[in-house]
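Listing of work.csv; format and content: CSV, C-alpha atoms.
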chain,number,residue,atom,x,y,z
A,5,MET,CA,25.8,5.9,123.2
A,6,ASN,CA,28.6,7.8,124.8
A,7,LYS,CA,31.0,10.0,122.8
A,8,VAL,CA,33.8,7.5,122.7
A,9,VAL,CA,31.6,4.9,121.1
A,10,PHE,CA,30.2,7.4,118.7
A,11,VAL,CA,33.6,8.6,117.6
A,12,ARG,CA,34.8,5.0,117.1
A,13,SER,CA,31.7,4.2,114.9
A,14,ILE,CA,32.4,7.3,112.8
A,15,LEU,CA,36.1,6.4,112.4
A,16,ARG,CA,35.2,2.8,111.6
A,17,ALA,CA,32.7,3.9,108.9
A,18,PHE,CA,35.3,6.3,107.5
A,19,PHE,CA,38.0,3.6,107.5
A,20,LYS,CA,35.6,1.2,105.6
A,21,LEU,CA,34.8,4.0,103.1
A,22,CYS,CA,38.5,4.6,102.5
A,23,ILE,CA,39.3,0.9,102.1
A,24,SER,CA,36.3,0.3,99.8
A,25,SER,CA,37.3,3.3,97.7
A,26,ILE,CA,40.9,2.2,97.3
A,27,LEU,CA,39.8,-1.3,96.4
A,28,ALA,CA,37.3,0.1,93.8
A,29,VAL,CA,40.0,2.3,92.2
A,30,ILE,CA,42.4,-0.7,92.0
A,31,PHE,CA,39.7,-3.0,90.6
A,32,LEU,CA,38.5,-0.5,88.0
A,33,SER,CA,42.1,0.3,87.0
A,34,THR,CA,42.8,-3.4,86.5
A,35,VAL,CA,39.8,-3.7,84.3
A,36,ILE,CA,40.8,-0.5,82.3
A,37,TYR,CA,44.4,-1.9,82.0
A,38,PHE,CA,43.1,-4.8,80.0
A,39,TYR,CA,40.3,-2.9,78.3
A,40,LYS,CA,42.0,0.2,77.0
A,41,TYR,CA,45.5,1.2,78.2
A,42,THR,CA,48.1,3.4,76.5
A,43,LEU,CA,50.6,5.7,78.3
A,44,VAL,CA,52.3,8.3,76.1
A,45,GLY,CA,55.6,9.8,77.1
A,46,VAL,CA,57.9,12.5,75.8
A,47,ASN,CA,60.1,11.8,72.7
A,48,THR,CA,63.1,14.0,73.2
A,49,ASN,CA,64.8,13.3,69.8
A,50,LYS,CA,62.1,15.1,67.8
A,51,VAL,CA,61.5,12.1,65.6
A,52,THR,CA,57.9,12.4,66.7
A,53,ASN,CA,56.2,14.7,69.2
A,54,GLU,CA,55.3,11.9,71.4
A,55,VAL,CA,56.2,8.2,71.7
A,56,TYR,CA,55.2,5.2,73.9
A,57,TYR,CA,57.7,3.8,76.3
A,58,PRO,CA,59.9,0.9,75.2
A,59,ASN,CA,58.1,-2.4,75.3
A,60,GLN,CA,55.1,-0.9,76.8
A,61,PHE,CA,51.9,-2.9,76.9
A,62,CYS,CA,48.9,-1.6,75.0
A,63,SER,CA,45.3,-2.9,75.2
A,64,ASN,CA,42.4,-1.8,73.1
A,65,MET,CA,38.9,-3.2,73.3
A,66,GLU,CA,37.1,0.1,72.9
A,67,GLU,CA,37.5,0.2,69.1
A,68,GLY,CA,38.4,-3.1,67.5
A,69,PHE,CA,40.4,-5.6,69.6
A,70,ALA,CA,44.2,-5.7,70.1
A,71,TRP,CA,46.7,-6.5,72.8
A,72,PHE,CA,50.4,-6.1,72.2
A,73,ASN,CA,53.7,-4.5,73.3
A,74,PHE,CA,55.3,-1.6,71.6
A,75,ASP,CA,58.9,-2.1,70.3
A,76,LYS,CA,62.2,-1.0,71.9
A,77,ASN,CA,61.7,2.5,70.4
A,78,GLY,CA,58.0,2.8,71.6
A,79,PHE,CA,56.4,2.2,68.2
A,80,ASN,CA,54.0,-0.4,66.9
A,81,ASN,CA,56.3,-2.8,65.1
A,82,SER,CA,56.1,-6.6,65.8
A,83,TYR,CA,57.6,-7.9,62.5
A,84,PRO,CA,60.8,-9.8,63.3
A,85,VAL,CA,63.8,-7.8,62.3
A,86,LYS,CA,66.4,-9.9,60.3
A,87,LYS,CA,68.8,-7.0,59.5
A,88,ASP,CA,70.0,-3.8,60.9
A,89,LYS,CA,69.2,-1.4,58.1
A,90,ILE,CA,65.7,0.1,57.4
A,91,ASP,CA,64.7,0.2,53.8
A,92,ALA,CA,61.4,2.2,54.2
A,93,LEU,CA,60.3,4.5,57.0
A,94,LEU,CA,56.5,4.8,57.5
A,95,LEU,CA,55.1,8.0,59.1
A,96,GLY,CA,51.5,8.9,59.9
A,97,SER,CA,48.7,9.3,62.4
A,98,SER,CA,46.8,6.9,64.5
A,99,GLN,CA,45.5,5.3,61.3
A,100,LEU,CA,49.1,4.1,60.6
A,101,GLU,CA,49.8,3.5,64.3
A,102,ALA,CA,47.0,1.0,64.2
A,103,ILE,CA,46.3,0.0,67.8
A,104,GLN,CA,42.8,-1.0,66.7
A,105,VAL,CA,43.9,-4.1,64.9
A,106,LYS,CA,46.2,-7.1,65.7
A,107,PRO,CA,49.9,-6.5,65.3
A,108,ASN,CA,50.1,-8.8,62.2
A,109,GLU,CA,47.2,-7.0,60.5
A,110,ASN,CA,48.5,-3.4,60.1
A,111,ILE,CA,50.1,-1.8,57.0
A,112,GLY,CA,53.7,-2.0,58.2
A,113,TYR,CA,53.5,-5.7,59.1
A,114,LEU,CA,51.8,-6.6,55.8
A,115,LEU,CA,54.4,-4.7,53.7
A,116,ASN,CA,57.2,-6.6,55.4
A,117,LYS,CA,55.4,-9.9,54.5
A,118,LEU,CA,54.9,-8.7,50.9
A,119,PHE,CA,58.6,-7.7,50.6
A,120,PRO,CA,60.6,-10.2,52.7
A,121,ASP,CA,63.9,-8.8,51.5
A,122,TYR,CA,63.0,-5.3,52.7
A,123,TYR,CA,62.4,-3.9,56.1
A,124,PHE,CA,59.6,-1.4,56.6
A,125,TYR,CA,59.6,0.5,60.0
A,126,ASN,CA,56.5,2.2,61.2
A,127,ILE,CA,56.7,5.3,63.4
A,128,GLY,CA,53.0,6.3,63.1
A,129,VAL,CA,51.7,8.1,66.2
A,130,SER,CA,48.2,9.2,67.2
A,131,GLY,CA,47.5,12.9,66.4
A,132,HIS,CA,50.4,13.3,64.0
A,133,TYR,CA,48.9,14.8,60.9
A,134,LEU,CA,50.8,16.1,57.9
A,135,PRO,CA,52.1,19.4,59.3
A,136,THR,CA,53.5,17.6,62.3
A,137,ILE,CA,54.9,14.8,60.2
A,138,ILE,CA,56.7,17.2,57.8
A,139,ASN,CA,58.0,19.3,60.6
A,140,ASN,CA,59.5,16.1,62.2
A,141,LEU,CA,60.7,14.6,58.9
A,142,PRO,CA,64.3,15.9,58.9
A,143,TYR,CA,64.8,14.5,62.4
A,144,ALA,CA,63.1,11.2,61.6
A,145,TYR,CA,65.3,10.7,58.5
A,146,ASN,CA,68.5,11.5,60.3
A,147,TYR,CA,67.7,9.2,63.2
A,148,PHE,CA,66.5,6.1,61.3
A,149,LYS,CA,68.4,6.7,57.9
A,150,PRO,CA,66.0,4.7,55.6
A,151,GLU,CA,67.8,3.7,52.5
A,152,LYS,CA,65.0,3.7,49.9
A,153,TYR,CA,61.6,5.1,50.8
A,154,ILE,CA,59.8,7.6,53.0
A,155,ILE,CA,56.1,6.6,53.1
A,156,ILE,CA,53.6,9.0,54.6
A,157,GLU,CA,50.0,8.3,55.5
A,158,ILE,CA,47.3,11.1,55.3
A,159,GLY,CA,43.6,11.0,55.6
A,160,ASN,CA,43.0,14.7,54.7
A,161,VAL,CA,44.3,16.8,51.8
A,162,LYS,CA,42.8,20.0,53.0
A,163,MET,CA,44.9,21.8,55.7
A,164,GLU,CA,44.6,25.1,57.4
A,165,LEU,CA,46.9,27.8,55.9
A,166,ALA,CA,48.1,28.8,59.4
A,167,GLU,CA,49.2,25.2,60.1
A,168,ILE,CA,51.3,25.0,56.9
A,169,LEU,CA,52.9,28.4,57.6
A,170,SER,CA,53.8,27.4,61.1
A,171,VAL,CA,55.9,24.6,59.7
A,172,LEU,CA,57.6,26.9,57.2
A,173,ASP,CA,58.4,29.7,59.7
A,174,GLY,CA,59.3,27.3,62.5
A,175,SER,CA,56.5,28.4,64.9
A,176,ILE,CA,54.7,25.1,65.1
A,177,LYS,CA,54.3,24.1,68.7
A,178,ARG,CA,55.4,20.7,70.0
A,179,ARG,CA,53.3,19.1,72.6
A,180,VAL,CA,55.2,18.4,75.8
A,181,LEU,CA,54.1,15.8,78.3
A,182,ASN,CA,55.7,15.2,81.7
A,183,ASN,CA,57.1,11.8,82.2
A,184,ASN,CA,57.7,12.0,85.9
A,185,GLY,CA,56.1,13.4,89.0
A,186,PHE,CA,53.1,12.3,91.1
A,187,TYR,CA,50.4,12.8,88.4
A,188,TYR,CA,52.5,10.8,85.8
A,189,TYR,CA,52.8,7.8,88.2
A,190,LEU,CA,49.1,8.0,89.0
A,191,LYS,CA,48.3,7.7,85.2
A,192,LYS,CA,50.8,4.9,84.8
A,193,TYR,CA,49.7,2.7,87.7
A,194,LEU,CA,46.1,3.7,88.0
A,195,PRO,CA,44.7,3.9,84.5
A,196,LEU,CA,41.3,4.9,86.0
A,197,ILE,CA,42.8,8.4,86.5
A,198,THR,CA,43.5,8.7,82.7
A,199,ALA,CA,40.0,7.4,81.8
A,200,LEU,CA,38.3,9.8,84.1
A,201,ARG,CA,40.3,12.7,82.8
A,202,PHE,CA,39.5,11.7,79.2
A,203,LYS,CA,35.8,11.6,80.0
A,204,LEU,CA,35.9,14.9,81.8
A,205,VAL,CA,37.6,16.5,78.8
A,206,GLN,CA,35.2,14.8,76.4
A,207,GLN,CA,32.2,16.1,78.4
A,208,THR,CA,33.7,19.6,78.7
A,209,ARG,CA,34.1,19.8,74.9
A,210,LEU,CA,30.6,18.5,74.4
A,211,TRP,CA,29.3,21.2,76.8
A,212,GLU,CA,31.3,23.9,74.9
A,213,ASN,CA,30.0,22.8,71.6
A,214,ASN,CA,26.4,22.7,72.8
A,215,SER,CA,26.9,26.1,74.5
A,216,SER,CA,28.3,27.5,71.3
A,217,THR,CA,25.2,26.3,69.4
A,218,ILE,CA,22.9,27.9,72.0
A,219,PHE,CA,24.8,31.2,72.0
A,220,LYS,CA,24.7,31.3,68.2
A,221,LYS,CA,20.9,30.8,68.2
A,222,ALA,CA,20.7,33.6,70.7
A,223,ASN,CA,22.9,35.8,68.5
A,224,ILE,CA,25.5,36.0,71.2
A,225,LEU,CA,29.0,36.6,69.8
A,226,THR,CA,31.6,34.1,71.0
A,227,TYR,CA,35.3,33.5,70.1
A,228,SER,CA,35.9,29.8,70.7
A,229,ASN,CA,38.7,27.8,69.1
A,230,SER,CA,36.2,26.3,66.6
A,231,GLU,CA,35.3,29.8,65.5
A,232,ILE,CA,38.9,30.8,65.0
A,233,HIS,CA,39.5,27.6,62.9
A,234,LYS,CA,36.5,28.5,60.8
A,235,ASN,CA,37.8,32.0,60.2
A,236,ILE,CA,41.2,30.5,59.1
A,237,ALA,CA,39.4,28.1,56.8
A,238,THR,CA,37.3,31.0,55.3
A,239,THR,CA,40.5,33.0,54.8
A,240,THR,CA,42.0,30.0,53.0
A,241,ASN,CA,39.0,29.7,50.7
A,242,ASN,CA,39.2,33.4,49.9
A,243,ASN,CA,42.9,33.2,49.1
A,244,ILE,CA,43.2,30.0,47.1
A,245,ASN,CA,46.3,31.3,45.3
A,246,GLU,CA,48.1,32.0,48.5
A,247,TYR,CA,47.2,28.5,49.8
A,248,LYS,CA,48.4,26.9,46.6
A,249,GLU,CA,51.8,28.8,46.7
A,250,THR,CA,52.2,27.9,50.4
A,251,LEU,CA,51.3,24.3,49.8
A,252,ASN,CA,54.0,24.1,47.1
A,253,LYS,CA,56.6,25.6,49.5
A,254,PHE,CA,55.4,23.2,52.2
A,255,LEU,CA,55.9,20.1,50.1
A,256,ALA,CA,59.2,21.5,48.7
A,257,PHE,CA,60.4,21.6,52.3
A,258,ALA,CA,59.4,18.0,52.7
A,259,ARG,CA,61.3,17.0,49.6
A,260,LYS,CA,64.4,18.9,50.7
A,261,SER,CA,64.3,17.2,54.1
A,262,VAL,CA,65.7,14.0,52.7
A,263,PRO,CA,68.3,13.2,50.1
A,264,ASP,CA,67.2,13.1,46.4
A,265,ASN,CA,67.8,9.4,46.1
A,266,ILE,CA,65.1,8.7,48.7
A,267,THR,CA,61.7,8.3,47.2
A,268,ILE,CA,58.9,10.0,49.0
A,269,ILE,CA,55.4,8.4,48.8
A,270,ILE,CA,52.3,10.0,50.3
A,271,PHE,CA,49.3,7.8,50.3
A,272,TYR,CA,45.8,9.1,50.9
A,273,HIS,CA,42.9,7.2,52.3
A,274,PRO,CA,39.6,9.1,52.0
A,275,TYR,CA,36.8,8.9,54.5
A,276,TYR,CA,33.4,7.9,53.5
A,277,GLU,CA,29.7,8.3,54.4
A,278,LEU,CA,27.3,5.4,54.0
A,279,GLN,CA,24.3,6.6,52.1
A,280,LYS,CA,20.6,5.5,52.6
A,281,ASP,CA,20.7,3.6,49.3
A,282,GLY,CA,23.7,1.6,50.5
A,283,SER,CA,26.3,3.4,48.4
A,284,LEU,CA,29.5,5.0,49.6
A,285,LYS,CA,30.1,8.8,49.4
A,286,ASN,CA,33.7,10.0,49.3
A,287,LYS,CA,34.0,13.0,51.6
A,288,THR,CA,37.1,14.4,49.8
A,289,ASP,CA,37.1,18.1,48.8
A,290,GLU,CA,37.9,17.7,45.0
A,291,ASP,CA,39.4,21.2,44.7
A,292,TYR,CA,41.9,20.7,47.5
A,293,PHE,CA,42.5,17.1,46.3
A,294,LYS,CA,43.7,18.4,42.9
A,295,LEU,CA,45.8,21.2,44.5
A,296,PHE,CA,47.5,18.6,46.7
A,297,GLU,CA,48.0,16.1,43.9
A,298,ASN,CA,49.5,18.7,41.6
A,299,ALA,CA,51.8,20.0,44.4
A,300,CYS,CA,53.1,16.5,44.9
A,301,VAL,CA,53.9,16.1,41.2
A,302,LYS,CA,55.6,19.5,41.1
A,303,ASN,CA,57.9,18.5,44.0
A,304,ASN,CA,58.7,15.1,42.8
A,305,ILE,CA,56.6,13.3,45.5
A,306,ILE,CA,54.6,10.3,44.5
A,307,PHE,CA,51.0,10.7,45.5
A,308,VAL,CA,48.9,7.5,45.9
A,309,ASP,CA,45.1,7.8,46.1
A,310,THR,CA,43.6,4.6,47.5
A,311,ASP,CA,40.0,5.6,46.9
A,312,ASN,CA,39.4,3.1,44.1
A,313,ASP,CA,41.0,0.3,46.0
A,314,LEU,CA,38.9,1.0,49.2
A,315,SER,CA,35.6,1.6,47.4
A,316,GLU,CA,36.2,-1.5,45.3
A,317,LEU,CA,36.4,-3.5,48.5
A,318,TYR,CA,32.9,-2.4,49.3
A,319,LYS,CA,31.5,-2.8,45.8
A,320,THR,CA,32.8,-6.3,45.3
A,321,LYS,CA,32.9,-7.8,48.8
A,322,HIS,CA,30.5,-5.5,50.7
A,323,ILE,CA,33.2,-4.8,53.3
A,324,LEU,CA,33.8,-1.4,54.7
A,325,PRO,CA,37.4,-0.3,55.2
A,326,TYR,CA,36.5,1.7,58.4
A,327,GLY,CA,34.8,0.6,61.5
A,328,PHE,CA,34.5,-2.5,63.8
A,329,ILE,CA,31.8,-4.6,65.3
A,330,ASN,CA,32.0,-2.6,68.5
A,331,THR,CA,31.8,0.9,66.8
A,332,LYS,CA,29.6,2.9,64.6
A,333,ILE,CA,29.5,1.6,61.0
A,334,CYS,CA,31.9,3.2,58.5
A,335,SER,CA,33.6,5.5,61.0
A,336,GLY,CA,36.7,5.7,63.1
A,337,HIS,CA,39.9,3.9,62.2
A,338,LEU,CA,40.9,1.6,59.4
A,339,ASN,CA,40.0,-2.0,60.1
A,340,LYS,CA,42.1,-5.0,59.1
A,341,TYR,CA,40.5,-5.1,55.6
A,342,GLY,CA,41.3,-1.4,55.0
A,343,HIS,CA,44.9,-2.1,56.1
A,344,GLU,CA,45.2,-5.0,53.8
A,345,VAL,CA,43.9,-3.2,50.8
A,346,ILE,CA,46.2,-0.2,51.3
A,347,ALA,CA,49.3,-2.5,52.0
A,348,LYS,CA,48.6,-4.3,48.7
A,349,ARG,CA,48.2,-1.0,46.8
A,350,LEU,CA,51.5,0.4,48.2
A,351,ALA,CA,53.2,-2.9,47.4
A,352,LYS,CA,52.0,-2.6,43.8
A,353,GLU,CA,53.3,1.0,43.6
A,354,ILE,CA,56.7,-0.1,44.9
A,355,SER,CA,56.8,-3.0,42.6
A,356,ASP,CA,56.0,-0.8,39.6
A,357,LEU,CA,58.7,1.7,40.7
A,358,GLU,CA,61.3,-1.1,40.9
A,359,GLY,CA,60.1,-3.0,37.8
A,360,ARG,CA,59.2,-6.0,40.0
A,361,LYS,CA,56.5,-8.5,39.2
A,362,SER,CA,53.2,-7.1,40.5
A,363,ILE,CA,52.0,-8.3,43.9
A,364,SER,CA,49.1,-10.7,43.3
A,365,ASP,CA,45.8,-10.5,45.2
In C-alpha cells, what does this structure look like?
Amino acid sequence: MNKVVFVRSILRAFFKLCISSILAVIFLSTVIYFYKYTLVGVNTNKVTNEVYYPNQFCSNMEEGFAWFNFDKNGFNNSYPVKKDKIDALLLGSSQLEAIQVKPNENIGYLLNKLFPDYYFYNIGVSGHYLPTIINNLPYAYNYFKPEKYIIIEIGNVKMELAEILSVLDGSIKRRVLNNNGFYYYLKKYLPLITALRFKLVQQTRLWENNSSTIFKKANILTYSNSEIHKNIATTTNNNINEYKETLNKFLAFARKSVPDNITIIIFYHPYYELQKDGSLKNKTDEDYFKLFENACVKNNIIFVDTDNDLSELYKTKHILPYGFINTKICSGHLNKYGHEVIAKRLAKEISDLEGRKSISD
C-alpha cells in the first residue's frame, strides 16, 4: 500500500466517523426532544427569574407523561381564556408548574373548571421557592394585575434564615441565563447537549457528596456548600426568636407587596414517607410549621394546609399524591390525583371566603 492509498483510507475512515457521529447526535437529539425537552430562557420583566419561550413545546416522559406547548408568556396555561382580566394569579415551584401531568390535570386548569366565571393564571416555574416568589411578587402583581387573589404554592415551611434576609435586604441573587450565542443554539436545536450537561452535573454532585462522606469519615475538614447550609440551619435552630422575627418581616413584606383588597392564600402540600407497615409519615417539621402558620395569621395571609386532604386520599382510596408509574413510589412531583385534591381544597377555601355553595366532590 503506497502512501496515497494509505492517506485516502485514513481520510475515508475519518469522514465516516464524522458522518456517523453527526447522525448519532441528530438521532439522539430527536429522541430526547420527544422524551424530555424544556428550554428555559431569561425573563427580563422580573415576574419570575426564568421563563420558557412563548408557545415553546415541552415533552416529559422521564417523570409522568405530558406533551404540550407553553402559552404566549411562556407559562403552563392551556385553559381557554374567555376574558382579558385575571381574577387569581398562581405562583409556585415546579409542583405548580406541573410539566409531569397533562395540561388539563394541573391545579390551575382544574380551578378554572371549578370556577368558570373566574380566570386563574398560573406562573409557576421550576426552582422558584418561597424566597424567590416573594422577591418577585411586587413585579408579578404589577405585571398581571390580578383582581381578587394571589395564590402561592409551597412544599416547605422551613427556610434558611440567610435566604429570608436576602429578600428583605435586597441581596438575593437572580439567576441569569444567556438566550443567544453558540451554546444557546446548541441547546435549543440539539437537546442531547443539555441532557449530557445535566448528567455531567448530576454525576459531579454525586461525586462531591460521596467525597464529602469519605472525607468526614477520615476526619478531613471540608467547606462544601452543603456544610455551609448546615451551618446556617444550625444557626437558625440556635436563634429561633431571630428566625421568628425575620419570618414575620418576610411575610409582612409579602402582604405589603399587593393592595389590601387582594387576598393572599399560601397553600402547603407536605411531603411523605411510606412506612414499612404501609402508613404515611408526614415529613413536616412541626415547630417550623407552627411558626409559619402563626406568621401568616399575624400578617393577614390565609394559610391552607392540605395534609388532611392528601393523606385522606391514601387512607380511603389507597392512592398516593406523589409519584408516577415510571418513578420511585411516593417521591418527586405531585401526580394528577394530588393536583385534583389540592384544587378541590383551594376551591372550597375560596367558596367559603365568598360565601358560595361548597364545591362538591
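Using all atoms listed in the file, the nearest neighbour of Ser261 in chain A within the list A:Trp71, A:Tyr125, A:Tyr39, A:Tyr145 is A:Tyr145.
The nearest approach to Ser97 in chain A among the residues A:Leu165, A:Ile197, A:Ile323, A:Ile137, with only C-alpha atoms taken into account, belongs to A:Ile137.
Nearest to Val129 in chain A of all the residues A:Asn265, A:Thr42, A:Ser24, A:Asn243 is A:Thr42, based on only C-alpha atoms.
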- Message: Using all atoms listed in the file and a cutoff of 9 Å, can you tell me which residues are near (51.9, 0.6, 59.9) in the file's coordinates, and write them out as number ranges by chain?
- Response: A: 80-81, 94-96, 99-102, 109-115, 124-128, 343, 347
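Remark: for Glu358 in chain A, the closest of the candidate residues A:Arg259, A:Glu277, A:Ile23, A:Tyr153 is A:Tyr153 (distances computed over all atoms listed in the file).
Coordinates place CA of Thr198 in chain A at a distance of 21.9 Å from CA of Val105 in chain A.
The spacing separating CA of Tyr272 in chain A from CA of Asn140 in chain A amounts to 19.1 Å.
Nearest-residue note for Lys50 in chain A: choosing from A:Lys89, A:Lys106, A:Ser33, A:Asn139, the minimum distance belongs to A:Asn139, counting all atoms listed in the file.
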- Note on the structure: Students should find that CA of Glu67 in chain A and CA of Gly327 in chain A are spaced 8.1 Å
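Using all atoms listed in the file, the shortest contact distance between Leu317 in chain A and any of A:Cys22, A:Val161, A:Val301, A:Ile346 is found at A:Ile346.
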- Item | Val262 in chain A environment, 12 Å, all atoms listed in the file, sequence neighbours closer than 6 positions dropped, as a list in words | Leu93, Ile138, Asn140, Leu141, Pro142, Tyr143, Ala144, Tyr145, Asn146, Tyr147, Phe148, Lys149, Pro150, Glu151, Lys152, Tyr153, Ile154, Leu255, Ala256, Ile268 and Ile305 of chain A
- Task: For Asn160 in chain A, list every protein, DNA or RNA residue within 10 Å, evaluated using all atoms listed in the file, and leave out those in the same chain fewer than 3 positions away; present the list as a ChimeraX atom specification.
- Result: /A:133-134,157,163,272-275,287-289,292-293,296
Just write the chosen residues, C-alpha atoms, as a short mmCIF file (atom, residue, chain, number, x, y, z; two decimals), in the coordinates of the input.
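Saved to selection-v9.cif:
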data_model
loop_
_atom_site.label_atom_id
_atom_site.label_comp_id
_atom_site.auth_asym_id
_atom_site.auth_seq_id
_atom_site.Cartn_x
_atom_site.Cartn_y
_atom_site.Cartn_z
CA TYR A 133 48.90 14.80 60.90
CA LEU A 134 50.80 16.10 57.90
CA GLU A 157 50.00 8.30 55.50
CA MET A 163 44.90 21.80 55.70
CA TYR A 272 45.80 9.10 50.90
CA HIS A 273 42.90 7.20 52.30
CA PRO A 274 39.60 9.10 52.00
CA TYR A 275 36.80 8.90 54.50
CA LYS A 287 34.00 13.00 51.60
CA THR A 288 37.10 14.40 49.80
CA ASP A 289 37.10 18.10 48.80
CA TYR A 292 41.90 20.70 47.50
CA PHE A 293 42.50 17.10 46.30
CA PHE A 296 47.50 18.60 46.70
#
